[in-house]
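As stored in entry-v4.cif (mmCIF, C-alpha atoms):
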```
data_my_file
loop_
_atom_site.label_atom_id
_atom_site.label_comp_id
_atom_site.auth_asym_id
_atom_site.auth_seq_id
_atom_site.Cartn_x
_atom_site.Cartn_y
_atom_site.Cartn_z
CA MET T 1 -36.57 118.08 -43.90
CA SER T 2 -38.24 115.74 -41.47
CA GLU T 3 -36.79 114.94 -38.14
CA HIS T 4 -35.20 111.54 -37.62
CA ASP T 5 -36.83 109.54 -34.79
CA PRO T 6 -34.41 106.97 -33.22
CA LEU T 7 -37.29 105.07 -31.58
CA LYS T 8 -38.73 104.13 -34.97
CA GLU T 9 -35.52 102.32 -35.83
CA LEU T 10 -36.03 100.03 -32.83
CA HIS T 11 -39.47 98.99 -34.08
CA ILE T 12 -39.72 95.32 -35.24
CA ASP T 13 -41.93 94.66 -38.19
CA ARG T 14 -44.48 91.93 -37.22
CA ALA T 15 -44.57 90.34 -40.72
CA ASP T 16 -40.80 89.76 -40.72
CA ARG T 17 -40.92 88.28 -37.22
CA ASP T 18 -43.65 85.80 -38.06
CA GLY T 19 -41.94 84.57 -41.28
CA GLY T 20 -38.64 83.87 -39.55
CA GLY T 21 -40.37 81.85 -36.84
CA HIS T 22 -42.07 79.55 -39.30
CA ARG T 23 -38.84 78.85 -41.15
CA GLY T 24 -37.10 77.83 -37.98
CA LEU T 25 -39.90 75.51 -36.99
CA TRP T 26 -39.85 73.71 -40.38
CA LEU T 27 -36.07 73.31 -40.21
CA LEU T 28 -36.37 71.72 -36.78
CA LEU T 29 -39.00 69.24 -38.02
CA VAL T 30 -36.86 68.20 -41.03
CA LEU T 31 -33.89 67.56 -38.76
CA LEU T 32 -36.01 65.43 -36.45
CA VAL T 33 -37.37 63.31 -39.36
CA ILE T 34 -33.88 62.75 -40.83
CA GLY T 35 -32.61 61.71 -37.42
CA ALA T 36 -35.48 59.26 -36.93
CA LEU T 37 -34.98 57.71 -40.37
CA GLY T 38 -31.23 57.40 -39.88
CA GLY T 39 -31.68 55.79 -36.49
CA GLY T 40 -34.26 53.34 -37.86
CA ALA T 41 -32.03 52.41 -40.75
CA TYR T 42 -29.08 51.88 -38.44
CA TYR T 43 -31.21 49.76 -36.13
CA ALA T 44 -32.57 47.68 -39.06
CA VAL T 45 -29.09 47.06 -40.47
CA SER T 46 -27.62 46.24 -37.10
CA GLU T 47 -30.45 43.84 -36.30
CA SER T 48 -30.79 42.18 -39.79
CA THR T 49 -29.62 38.59 -40.18
CA THR T 50 -28.40 36.53 -43.12
CA PRO T 51 -30.00 33.06 -43.43
CA VAL T 52 -27.41 30.30 -43.94
CA ASP T 53 -27.31 26.49 -44.11
CA VAL T 54 -25.11 24.92 -41.49
CA ALA T 55 -23.27 21.60 -41.32
CA ILE T 56 -21.42 19.98 -38.44
CA ALA T 57 -17.75 19.05 -38.71
CA GLN T 58 -17.51 15.30 -38.22
CA VAL T 59 -14.72 12.89 -37.44
CA PRO T 60 -14.11 10.64 -40.49
CA ASP T 61 -14.83 6.94 -40.07
CA ALA T 62 -11.88 4.58 -40.02
CA GLY T 63 -12.55 2.69 -43.25
CA PRO T 64 -11.61 2.56 -46.91
CA THR T 65 -10.50 5.91 -48.29
CA ALA T 66 -11.28 7.37 -51.68
CA VAL T 67 -8.51 7.08 -54.26
CA LEU T 68 -10.33 8.87 -57.08
CA ASP T 69 -13.44 11.02 -57.60
CA ALA T 70 -15.46 11.39 -60.79
CA THR T 71 -18.82 12.60 -62.02
CA GLY T 72 -21.35 10.93 -64.31
CA TYR T 73 -24.97 10.00 -64.77
CA VAL T 74 -27.43 7.26 -63.90
CA ILE T 75 -28.33 5.41 -67.10
CA ALA T 76 -30.64 2.55 -68.04
CA ARG T 77 -29.03 -0.37 -69.86
CA ARG T 78 -32.46 -1.57 -70.94
CA GLN T 79 -34.59 1.13 -72.52
CA ALA T 80 -36.79 1.02 -75.61
CA THR T 81 -38.96 3.37 -77.60
CA VAL T 82 -41.87 1.15 -78.59
CA SER T 83 -43.50 1.46 -82.00
CA SER T 84 -45.81 -0.62 -84.17
CA LYS T 85 -44.40 -3.06 -86.75
CA ILE T 86 -46.78 -1.71 -89.40
CA SER T 87 -48.04 1.71 -90.40
CA GLY T 88 -51.52 2.62 -89.31
CA LYS T 89 -53.82 4.94 -87.41
CA LEU T 90 -53.90 4.69 -83.63
CA ALA T 91 -57.26 3.62 -82.26
CA GLU T 92 -56.25 3.38 -78.58
CA VAL T 93 -53.26 4.43 -76.47
CA LEU T 94 -53.33 2.69 -73.10
CA ILE T 95 -50.25 4.19 -71.42
CA GLU T 96 -49.36 7.24 -69.37
CA GLU T 97 -46.05 8.52 -68.05
CA GLY T 98 -45.00 6.97 -64.76
CA VAL T 99 -47.16 3.85 -65.13
CA LYS T 100 -45.61 0.42 -64.58
CA VAL T 101 -46.20 -2.14 -67.32
CA ALA T 102 -45.63 -5.90 -67.47
CA ALA T 103 -43.99 -7.82 -70.28
CA ASP T 104 -46.40 -8.37 -73.23
CA GLN T 105 -48.92 -5.93 -71.76
CA VAL T 106 -51.00 -4.15 -74.43
CA LEU T 107 -49.81 -0.55 -74.83
CA ALA T 108 -51.80 0.57 -77.86
CA ARG T 109 -54.02 -0.65 -80.68
CA LEU T 110 -54.12 0.41 -84.31
CA ASP T 111 -57.22 0.58 -86.46
CA ASP T 112 -57.64 -3.12 -87.40
CA THR T 113 -60.45 -2.81 -89.95
CA ASP T 114 -58.29 -3.68 -92.98
CA ALA T 115 -56.30 -6.36 -91.15
CA GLU T 116 -59.47 -8.02 -89.87
CA ALA T 117 -60.97 -8.05 -93.40
CA GLN T 118 -57.83 -9.64 -94.81
CA LEU T 119 -57.88 -12.26 -92.07
CA ASP T 120 -61.54 -13.09 -92.78
CA LEU T 121 -60.76 -13.40 -96.50
CA ALA T 122 -57.83 -15.74 -95.84
CA ARG T 123 -59.95 -17.89 -93.58
CA ALA T 124 -62.71 -18.09 -96.23
CA ARG T 125 -60.19 -19.17 -98.85
CA LEU T 126 -58.89 -21.83 -96.51
CA ALA T 127 -62.42 -23.12 -95.90
CA ALA T 128 -63.06 -23.29 -99.66
CA ALA T 129 -59.80 -25.15 -100.25
CA GLN T 130 -60.61 -27.64 -97.51
CA ALA T 131 -64.08 -28.20 -98.97
CA ARG T 132 -62.62 -28.83 -102.44
CA LEU T 133 -60.13 -31.25 -100.90
CA ALA T 134 -62.95 -33.22 -99.28
CA GLU T 135 -64.81 -33.31 -102.59
CA ILE T 136 -61.80 -34.71 -104.46
CA GLN T 137 -61.27 -37.32 -101.74
CA VAL T 138 -64.86 -38.54 -102.25
CA GLN T 139 -64.40 -38.66 -106.03
CA LEU T 140 -61.16 -40.59 -105.65
CA GLU T 141 -62.82 -43.18 -103.42
CA GLN T 142 -65.59 -43.54 -105.99
CA GLY T 143 -63.06 -43.93 -108.78
CA ARG T 144 -61.14 -46.60 -106.89
CA ARG T 145 -64.32 -48.59 -106.37
CA GLY T 146 -65.11 -48.30 -110.08
CA LEU T 147 -61.58 -49.43 -110.96
CA LYS T 148 -62.00 -52.46 -108.71
CA ARG T 149 -65.23 -53.44 -110.49
CA GLN T 150 -63.68 -52.99 -113.91
CA THR T 151 -60.73 -55.12 -112.89
CA GLU T 152 -63.05 -57.97 -111.75
CA LEU T 153 -65.11 -57.75 -114.93
CA ARG T 154 -62.02 -57.74 -117.08
CA SER T 155 -60.73 -60.86 -115.33
CA ARG T 156 -63.93 -62.64 -116.31
CA GLN T 157 -63.79 -61.18 -119.81
CA LEU T 158 -66.95 -59.17 -119.14
CA ALA T 159 -65.35 -55.73 -119.73
CA SER T 160 -63.11 -54.37 -122.42
CA GLU T 161 -59.50 -53.39 -121.96
CA GLU T 162 -60.40 -49.79 -122.84
CA ALA T 163 -62.91 -49.53 -119.98
CA LEU T 164 -60.30 -50.78 -117.54
CA GLU T 165 -57.72 -48.25 -118.76
CA THR T 166 -60.27 -45.44 -118.50
CA ALA T 167 -61.01 -46.38 -114.89
CA GLU T 168 -57.28 -46.46 -114.05
CA THR T 169 -56.70 -43.07 -115.68
CA GLN T 170 -59.57 -41.54 -113.75
CA VAL T 171 -58.16 -42.80 -110.45
CA GLU T 172 -54.68 -41.46 -111.21
CA THR T 173 -56.13 -38.10 -112.24
CA LEU T 174 -58.14 -37.78 -109.06
CA ALA T 175 -55.10 -38.77 -106.96
CA ALA T 176 -53.07 -36.01 -108.60
CA GLN T 177 -55.85 -33.49 -108.06
CA LEU T 178 -56.04 -34.57 -104.44
CA GLU T 179 -52.33 -33.93 -103.90
CA ALA T 180 -52.59 -30.55 -105.65
CA GLN T 181 -55.54 -29.58 -103.52
CA ARG T 182 -53.66 -30.56 -100.37
CA SER T 183 -50.92 -28.16 -101.44
CA GLN T 184 -53.54 -25.48 -102.00
CA VAL T 185 -54.87 -26.06 -98.49
CA ARG T 186 -51.36 -25.63 -97.08
CA VAL T 187 -51.01 -22.38 -99.03
CA SER T 188 -54.35 -21.17 -97.67
CA GLU T 189 -53.28 -22.07 -94.14
CA ALA T 190 -50.09 -20.04 -94.62
CA GLU T 191 -52.14 -17.09 -95.90
CA VAL T 192 -54.26 -17.30 -92.76
CA GLN T 193 -51.12 -17.24 -90.63
CA VAL T 194 -49.80 -14.20 -92.51
CA ALA T 195 -53.13 -12.42 -92.12
CA GLN T 196 -53.20 -13.35 -88.44
CA VAL T 197 -49.72 -11.89 -87.93
CA ALA T 198 -50.79 -8.69 -89.70
CA TYR T 199 -53.84 -8.54 -87.45
CA ASP T 200 -51.74 -9.17 -84.33
CA ASN T 201 -49.38 -6.37 -85.42
CA THR T 202 -52.20 -3.90 -84.88
CA VAL T 203 -51.72 -4.55 -81.16
CA VAL T 204 -48.57 -2.98 -79.64
CA ARG T 205 -47.21 -4.83 -76.60
CA ALA T 206 -44.49 -4.11 -74.06
CA PRO T 207 -41.25 -5.93 -74.93
CA PHE T 208 -40.29 -6.14 -71.24
CA ALA T 209 -41.47 -5.02 -67.83
CA GLY T 210 -40.68 -1.44 -66.87
CA ILE T 211 -42.00 2.08 -66.38
CA ILE T 212 -43.32 4.39 -69.07
CA VAL T 213 -41.16 7.54 -69.10
CA ALA T 214 -42.54 9.14 -72.27
CA LYS T 215 -45.81 9.05 -74.20
CA ALA T 216 -45.24 10.14 -77.79
CA ALA T 217 -48.56 9.59 -79.60
CA GLN T 218 -52.29 10.05 -79.22
CA PRO T 219 -55.33 8.24 -80.69
CA GLY T 220 -56.02 9.30 -84.26
CA GLU T 221 -52.39 9.88 -85.18
CA ILE T 222 -50.57 7.86 -87.85
CA VAL T 223 -47.65 5.76 -86.61
CA SER T 224 -45.01 4.01 -88.65
CA PRO T 225 -41.89 1.95 -87.83
CA MET T 226 -39.92 4.26 -90.11
CA SER T 227 -39.96 8.00 -90.61
CA ALA T 228 -42.43 8.99 -93.31
CA GLY T 229 -44.89 11.73 -94.02
CA GLY T 230 -42.79 14.53 -92.55
CA GLY T 231 -43.87 15.72 -89.13
CA PHE T 232 -47.32 14.16 -89.35
CA THR T 233 -46.21 10.55 -88.77
CA ARG T 234 -45.11 9.27 -85.38
CA THR T 235 -42.31 6.73 -85.21
CA GLY T 236 -42.85 5.82 -81.57
CA ILE T 237 -45.72 5.40 -79.15
CA GLY T 238 -43.89 5.48 -75.84
CA THR T 239 -40.58 4.83 -74.08
CA ILE T 240 -40.14 2.08 -71.49
CA VAL T 241 -37.28 1.89 -69.00
CA ASP T 242 -36.38 -1.22 -67.05
CA MET T 243 -35.57 0.26 -63.63
CA ASP T 244 -33.79 -2.94 -62.61
CA SER T 245 -31.17 -2.23 -65.29
CA LEU T 246 -30.07 1.13 -63.87
CA GLU T 247 -26.35 1.67 -63.44
CA ILE T 248 -23.89 4.57 -63.31
CA GLU T 249 -21.61 5.66 -66.11
CA VAL T 250 -18.73 8.05 -65.46
CA ASP T 251 -15.83 9.47 -67.44
CA VAL T 252 -12.46 9.03 -65.74
CA ASN T 253 -9.40 11.01 -66.78
CA GLU T 254 -7.12 8.59 -68.60
CA ALA T 255 -4.21 9.73 -66.40
CA PHE T 256 -5.96 8.16 -63.37
CA ILE T 257 -7.61 5.13 -64.93
CA ASN T 258 -4.91 2.93 -63.35
CA ARG T 259 -6.64 3.55 -60.00
CA VAL T 260 -9.82 1.80 -61.17
CA ARG T 261 -10.32 -1.98 -61.24
CA PRO T 262 -13.33 -4.25 -61.87
CA ASP T 263 -15.36 -5.04 -58.72
CA GLN T 264 -13.72 -2.12 -56.91
CA PRO T 265 -16.01 -0.67 -54.21
CA VAL T 266 -17.54 2.71 -55.02
CA GLN T 267 -19.54 5.26 -53.07
CA ALA T 268 -22.03 7.26 -55.14
CA VAL T 269 -23.84 10.46 -54.17
CA LEU T 270 -26.69 11.86 -56.26
CA ASP T 271 -26.74 15.61 -56.86
CA ALA T 272 -30.43 15.52 -55.89
CA TYR T 273 -29.76 13.74 -52.56
CA PRO T 274 -26.35 14.93 -51.32
CA ASP T 275 -26.76 13.30 -47.91
CA TRP T 276 -27.48 9.81 -49.30
CA THR T 277 -24.47 7.59 -49.99
CA ILE T 278 -25.20 4.69 -52.36
CA PRO T 279 -23.02 1.56 -52.21
CA ALA T 280 -21.82 0.52 -55.65
CA SER T 281 -19.02 -1.33 -57.43
CA VAL T 282 -17.21 -1.23 -60.75
CA ILE T 283 -18.69 -3.44 -63.49
CA ALA T 284 -16.19 -2.83 -66.25
CA ILE T 285 -13.79 -0.36 -67.79
CA ILE T 286 -14.76 0.30 -71.42
CA PRO T 287 -11.57 -0.52 -73.38
CA THR T 288 -11.45 2.66 -75.45
CA ALA T 289 -10.65 6.30 -74.76
CA ASP T 290 -12.21 9.53 -75.91
CA ARG T 291 -9.35 11.43 -77.52
CA SER T 292 -11.23 14.75 -77.48
CA LYS T 293 -11.74 14.62 -73.70
CA ALA T 294 -8.87 12.28 -72.74
CA THR T 295 -11.26 10.17 -70.67
CA VAL T 296 -12.22 6.52 -70.33
CA ARG T 297 -15.80 5.39 -69.61
CA VAL T 298 -16.41 3.24 -66.54
CA ARG T 299 -19.61 1.28 -65.83
CA ILE T 300 -20.64 1.10 -62.17
CA ARG T 301 -23.14 -1.34 -60.65
CA ILE T 302 -25.64 0.04 -58.12
CA ASP T 303 -25.73 -2.41 -55.22
CA ALA T 304 -28.79 -0.91 -53.51
CA LYS T 305 -31.85 -0.32 -55.67
CA ASP T 306 -34.13 2.53 -54.64
CA PRO T 307 -37.16 4.31 -56.17
CA ARG T 308 -35.29 7.62 -55.89
CA LEU T 309 -32.89 6.46 -58.60
CA ILE T 310 -34.08 7.56 -62.03
CA PRO T 311 -32.27 7.74 -65.39
CA GLU T 312 -30.14 10.77 -66.34
CA MET T 313 -29.63 11.91 -62.74
CA GLY T 314 -26.28 13.54 -62.06
CA VAL T 315 -24.04 11.61 -59.68
CA ARG T 316 -20.64 11.95 -58.04
CA VAL T 317 -18.68 8.80 -57.28
CA SER T 318 -15.67 8.03 -55.14
CA PHE T 319 -13.59 4.99 -56.04
CA MET T 320 -12.61 3.51 -52.71
CA GLN T 321 -9.38 1.84 -51.69
CA ASP T 322 -9.55 -1.82 -52.67
CA VAL T 323 -9.28 -4.45 -49.94
CA ASP T 324 -6.15 -5.80 -51.63
CA ASP T 325 -4.35 -2.51 -50.99
CA GLY T 326 -4.12 -3.22 -47.27
CA PRO T 327 -5.97 -1.84 -44.25
CA ALA T 328 -7.14 1.75 -44.44
CA GLN T 329 -5.69 4.28 -42.02
CA ALA T 330 -7.89 6.60 -40.04
CA SER T 331 -7.52 10.18 -41.27
CA GLU T 332 -6.69 12.99 -38.89
CA GLY T 333 -8.95 16.01 -38.98
CA VAL T 334 -12.67 16.48 -39.59
CA LEU T 335 -14.98 16.23 -42.59
CA VAL T 336 -17.11 19.15 -43.78
CA PRO T 337 -19.11 19.69 -46.99
CA SER T 338 -16.81 20.71 -49.83
CA SER T 339 -19.07 23.70 -50.46
CA ALA T 340 -18.28 25.07 -46.98
CA ILE T 341 -14.68 25.83 -47.95
CA ARG T 342 -14.11 29.15 -49.75
CA GLU T 343 -10.90 29.60 -51.73
CA ARG T 344 -9.18 32.97 -51.47
CA GLY T 345 -5.96 32.84 -53.42
CA GLU T 346 -3.76 30.32 -51.64
CA GLU T 347 -5.90 30.41 -48.50
CA ARG T 348 -8.82 28.16 -47.57
CA ILE T 349 -11.50 29.86 -45.49
CA VAL T 350 -14.52 28.56 -43.57
CA PHE T 351 -17.14 30.48 -41.59
CA VAL T 352 -17.70 29.04 -38.11
CA LEU T 353 -20.81 29.83 -36.09
CA ASP T 354 -20.18 31.75 -32.89
CA GLY T 355 -23.57 32.28 -31.28
CA ASP T 356 -25.64 34.23 -33.78
CA HIS T 357 -22.59 35.51 -35.66
CA VAL T 358 -20.00 33.89 -37.91
CA ARG T 359 -16.24 34.01 -37.55
CA GLU T 360 -13.93 33.67 -40.51
CA ARG T 361 -11.27 31.01 -39.96
CA GLN T 362 -8.36 29.85 -42.11
CA VAL T 363 -8.00 26.05 -42.42
CA VAL T 364 -5.77 23.46 -44.07
CA ALA T 365 -7.87 21.40 -46.50
CA GLY T 366 -7.04 17.84 -47.53
CA SER T 367 -8.53 15.26 -49.89
CA GLU T 368 -12.18 14.98 -50.90
CA VAL T 369 -14.36 12.10 -49.72
CA GLY T 370 -17.47 12.04 -51.87
CA ASP T 371 -19.22 15.39 -51.43
CA ARG T 372 -17.19 16.22 -48.31
CA ARG T 373 -13.62 17.39 -47.78
CA LEU T 374 -11.14 16.64 -45.05
CA VAL T 375 -10.01 19.64 -42.97
CA GLU T 376 -6.67 18.66 -41.49
CA GLN T 377 -6.13 21.75 -39.32
CA GLY T 378 -8.24 24.66 -38.13
CA LEU T 379 -11.48 22.93 -37.11
CA ALA T 380 -12.59 20.71 -34.28
CA ALA T 381 -15.21 17.98 -34.36
CA GLY T 382 -18.68 19.32 -33.53
CA GLU T 383 -18.11 22.88 -34.71
CA ARG T 384 -20.76 24.21 -37.06
CA VAL T 385 -19.73 25.69 -40.41
CA VAL T 386 -21.70 27.52 -43.11
CA ARG T 387 -22.52 25.45 -46.17
CA ASP T 388 -22.31 27.44 -49.47
CA PRO T 389 -21.44 30.76 -47.78
CA PRO T 390 -22.96 33.77 -49.60
CA ARG T 391 -20.50 36.16 -51.21
CA GLU T 392 -21.60 39.00 -48.93
CA LEU T 393 -20.81 36.93 -45.80
CA THR T 394 -17.93 38.43 -43.79
CA ASP T 395 -16.37 37.99 -40.40
CA GLY T 396 -18.84 39.00 -37.69
CA THR T 397 -21.97 38.91 -39.84
CA ARG T 398 -25.14 38.21 -37.90
CA VAL T 399 -26.84 35.06 -39.25
CA SER T 400 -29.84 32.81 -38.73
CA SER T 401 -28.84 29.18 -39.17
CA ARG T 402 -30.58 26.05 -40.45
CA ASP T 403 -28.73 22.91 -39.35
CA GLY T 404 -28.14 20.65 -42.36
CA ALA T 405 -25.55 18.20 -41.05
#
```

Do you think you could lay out the structure here as structure tokens?
Amino acid sequence: MSEHDPLKELHIDRADRDGGGHRGLWLLLVLLVIGALGGGAYYAVSESTTPVDVAIAQVPDAGPTAVLDATGYVIARRQATVSSKISGKLAEVLIEEGVKVAADQVLARLDDTDAEAQLDLARARLAAAQARLAEIQVQLEQGRRGLKRQTELRSRQLASEEALETAETQVETLAAQLEAQRSQVRVSEAEVQVAQVAYDNTVVRAPFAGIIVAKAAQPGEIVSPMSAGGGFTRTGIGTIVDMDSLEIEVDVNEAFINRVRPDQPVQAVLDAYPDWTIPASVIAIIPTADRSKATVRVRIRIDAKDPRLIPEMGVRVSFMQDVDDGPAQASEGVLVPSSAIRERGEERIVFVLDGDHVRERQVVAGSEVGDRRLVEQGLAAGERVVRDPPRELTDGTRVSSRDGA
């Protein structure tokens, strides 16, 4: 039995010592990396900003107030899809979208080979009829001279009664032929006119001045004033819109139609240009209601024409207090974009800029004025509010603002 040496138990194996040191070093490095990443993430989150559009709360002008708001579209009262009066193959199309055209300007031409041949034929027939007419006129003059001689000879008993009657019959016959040939000339002239109209119909002209908004056909295609030939026949060449005939058409709830009157002043705001207020006025109230929507159509005249106005644009209108209703009272409070007010149950919330952060504030909202809304309490004139606040926006969020007042 070997002796037990206590000193050997105190011996540290070098392999075990080296392995434990390496594990400790790797653990320390992992902790340092996690700490660095966590600190960077915290710094990035704390320093990140949310971009927002900002509008300034403004004092409302002392003027007519809106009594009713509605939405609708810009429409053209004068618009036409131009087609040819006859069927034929397009030889030329002289229009493009966005091009202005004058009244009677040539828009397209059809292949006129057949029409031109028919016109030449009609003109040739007319020339032949006129030549025959001239020939009969000469014969009639000759016959009348012969009748005159026979009459003189008969008076002196130098010609028989039969010769005189023959001369008279010949003159009457030629006179009848002359009248018939004159009728034939008139028929030939009418045929020329018909052929000329058919030839002119190969040229498509603008019915009025306007702008081309659609080009529907190309050279080589068959066009027809009526649908034929399935999908291979075009029924239109292009669409013209008279931009001077633009107006606004809105649907008003029939429960509020009593607030609208002809010639009532209106303020219109296009969805595409929310900061542009267009003066307008009521043209007429269409005297019928839509039972499915319980609305009444109202036509609105645009008092200020502008190239930015184009058909089918969405528009919001405010029917203003009529001058007959008495002087308008100045409203207390400030105006902000309607989109700046967030509804939260019964509360109305806005986000007000405080340096580079936003502060949530509860307000009392009033009536709408066009695309803006009156804030009766909770805001002061000149304060900046967030337009269309993002859902993730909360009190104290750091933001970068773009003034859009």

Practice problem: Just give me the gap between atom CA of T:Gly72 and atom CA of T:Gly314 in Å, one decimal is fine. | Solution: 6.0 Å

Quiz item: In Å to one decimal, how far is atom CA of T:Val269 from atom CA of T:Ser281?
Solution: 13.1 Å

List the neighbours of T:Leu140 out to 9 Å using only C-alpha atoms; skip same-chain residues closer than 3 positions along the sequence, and give me the result as a PDB file with C-alpha atoms, keeping the file's coordinate frame.
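Output file selection14.pdb is given in full below:
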```
ATOM      1  CA  GLU T 135     -64.810 -33.310-102.590  1.00  0.00           C
ATOM      2  CA  ILE T 136     -61.800 -34.710-104.460  1.00  0.00           C
ATOM      3  CA  GLN T 137     -61.270 -37.320-101.740  1.00  0.00           C
ATOM      4  CA  GLY T 143     -63.060 -43.930-108.780  1.00  0.00           C
ATOM      5  CA  ARG T 144     -61.140 -46.600-106.890  1.00  0.00           C
ATOM      6  CA  ARG T 145     -64.320 -48.590-106.370  1.00  0.00           C
ATOM      7  CA  GLN T 170     -59.570 -41.540-113.750  1.00  0.00           C
ATOM      8  CA  VAL T 171     -58.160 -42.800-110.450  1.00  0.00           C
ATOM      9  CA  GLU T 172     -54.680 -41.460-111.210  1.00  0.00           C
ATOM     10  CA  THR T 173     -56.130 -38.100-112.240  1.00  0.00           C
ATOM     11  CA  LEU T 174     -58.140 -37.780-109.060  1.00  0.00           C
ATOM     12  CA  ALA T 175     -55.100 -38.770-106.960  1.00  0.00           C
ATOM     13  CA  LEU T 178     -56.040 -34.570-104.440  1.00  0.00           C
TER      14      LEU T 178
END
```

Exercise. Give as a list in words the residues that the PyMOL selection byres ((chain T and resi 216) around 9) matches when applied to the coordinates above.
Key: Ala214, Lys215, Ala217, Gln218, Arg234, Thr235, Gly236, Ile237, Gly238 and Thr239 of chain T

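For T:Gly382, the list of residues within 12 Å, based on all atoms listed in the file and with local chain neighbours fewer than 2 positions off taken out, reads Val54, Ala55, Ile56, Ala57, Gln58, Val59, Gly333, Val334, Leu335, Val336, Val352, Leu353, Leu379, Ala380, Arg384, Val385 and Ala405 of chain T.
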
Practice problem: Would you kindly return, as a ChimeraX atom specification, each protein, DNA or RNA residue with an atom no farther than 10 Å from any atom of stretch 75-85 of chain T, considering all atoms listed in the file and excluding same-chain residues fewer than 5 positions away? | Solution: /T:90,107-110,198,200-208,210-217,223-226,234-249,299,309-314

Exercise. Run the PyMOL selection byres ((chain T and resi 262) around 10) against the file shown and list the residues it catches, as JSON, numbers by chain.
Key: {"T": [260, 261, 263, 264, 265, 281, 282, 283, 284, 285, 298, 299, 300]}

Exercise. Run through the PyMOL selection byres ((chain T and resi 88) around 6) on the given coordinates and return the selected residues as a ChimeraX atom specification.
Key: /T:87,89,222-223

Practice problem: Name all residues at most 7 Å from T:Val266 (count all atoms listed in the file; drop same-chain ones fewer than 5 positions away) and give them as JSON, numbers by chain. | Solution: {"T": [279, 280, 281, 282, 317, 318, 319, 320]}

Quiz item: So which residues fall inside 6 Å of (-16.2, 7.3, -66.1) if we count only C-alpha atoms? Mind giving them as number ranges by chain?
Solution: T: 249-252, 296-298
